[in-house]
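Chemist: Can you keep this structure in mind? I'll have questions shortly.
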Amino acid sequence: MPFTIVQTRGPKGYGELSIVPDSWVQGTSNKNTYLLWPNLKGNIKELLMNENSFPGEGWTRQKCWIKRTGLSYANAESAITIMSGESSTDPEQAPTVSSAGKLASYADIFSERVVENSMKPIHVESGVEYAFPPTPSPPTMSLINEYSESNHPITKVTEQCNCKTIQALIEAQTNVIKEFRAEPKRDYEQILKEQKKIMNRLGIIEVQMNSLLNHTEIGTTDTANTEHPFIKTVEDLQIFEKDLAEEEYFTRMSNLLKHSVNDKDINNRMLATLDTLFDRFFLTKCTWTGISKSGNKIAMNSFHNLFKLFKCVGSTNVIKATDEMVRSFFMNILKHAIERSKAKQMRKSTCRKRKLT
């Protein structure tokens with residue numbers, strides 16, 4: 001059974017790192033992790049290094065955080081040496097090492113050089129720089145001789161040097177740095193998701209305000225609705241079209257607009273929705289196909305999600321709006337967009353039906 005590196009809180013609140021057998025670490029249903037520690041007097045080094053040991057009766061339990069798992073004891077020692085100086089959940093104090101044994105002095109010598117080399121740049125992609133450390137090569141005799149000239153005990157280093165241990169030290173250090181640098185990226189992506197949710201909610205609140213203002217009488221006069229549209233530019237329309245592609249946003253927006261119109265006529269329902277969402281002057285820049293005698297304009301038929309929204313809001317429990325109805329509505333309204341932009345809006349807009357003679 002392999003070993004696990006865990007972090008606990010010391011008496012003064014600082015983090016402490018420990019190497020323990022996997023069986024000493026247990027989780028709970030509420031996703032908390034606890035370390036079981038032997039309540040024994042004397043040296044427990046032999047018990048700590050026994051990967052087959054299991055918790056017994058009377059062992060104490062304290063909350064912990066798993067840092068590494070599935071390691072051999074030698075690899076765990078290498079990793080904990082690096083983590084104790086570079087990775088900590090406490091910004092004011094690096095976690096201390098609380099293991100039964102320590103690495104030989106040569107590990108400190110080589111780890112310093114590895115840390116120095118790993119902080120160099122790096123890789124540039126799409127104008128963004130990522131600091132991924134290069135894979136360092138195993139130390140050579142020239143490196144050992146360099147430290148020998150600086151009065152380091154080269155004789156002891158040569159005797160204790162083990163290539164596998166040094167390689168494990170390098171790999172553990174590289175993984176720590178990669179994980180540390182990946183955390184800000186994950187946090188940034190989470191912030192973008194939350195920001196998008198907030199913007200969607202603000203858009204819905206704005207529609208609610210428009211609906212209330214468009215159905216509120218001004219003073220004691222008979223003047224009708226004062227419009228406060230939130231789509232005034234083609235950029236606003238493109239953003240709204242993109243947001244409608246999300247099912248949750250589309251459902252909330254369509255339900256909100258349905259509650260704001262009481263007319264049973266399909267064209268009047270779509271007209272009320274149009275006045276709630278759009279600036280009338282902006283509609284003069286639009287046609288159904290984008291073709292106009294005065295030049296190219298914004299093609300409304302290219303905004304399929306908007307088309308779907310008007311079809312949904314225009315429908316009633318009795319009559320369902322069809323694609324042809326929505327298309328005819330937009331073609332007619334946009335044809336008279338200039339006249340509507342000049343209207344004083346003294347009363348609520350309605351679609352007039354031609355009388356048959």
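Going by the structure tokens order, chains are called A, B, ..., each with residues numbered from 1, while ligands are numbered from 1 in the order shown.
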So that I can check the surroundings of Leu47 in chain A, please list as JSON, numbers by chain every protein, DNA and RNA residue that reaches within 12 Å of it, counting only C-alpha atoms and ignoring chain neighbours fewer than 2 positions away.
Modeler: {"A": [19, 20, 21, 24, 37, 38, 39, 40, 42, 43, 44, 45, 49, 50, 51, 52, 53, 54, 55, 56, 99, 100]}
Chemist: Suppose you want the space between CA of Met270 in chain A and CA of Val313 in chain A; what is it in Å?
Modeler: 6.9 Å
Chemist: Can you work out the spacing between CA of Asp323 in chain A and CA of Ala343 in chain A in Å, to one decimal?
Modeler: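 One can read the CA of Asp323 in chain A to CA of Ala343 in chain A distance as 28.5 Å.
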Chemist: Identify which of the residues A:Gln195, A:Thr287, A:Asn317, A:Ser260 lies closest to Asp275 in chain A, counting only C-alpha atoms when measuring atom-to-atom distances.
Modeler: A:Ser260
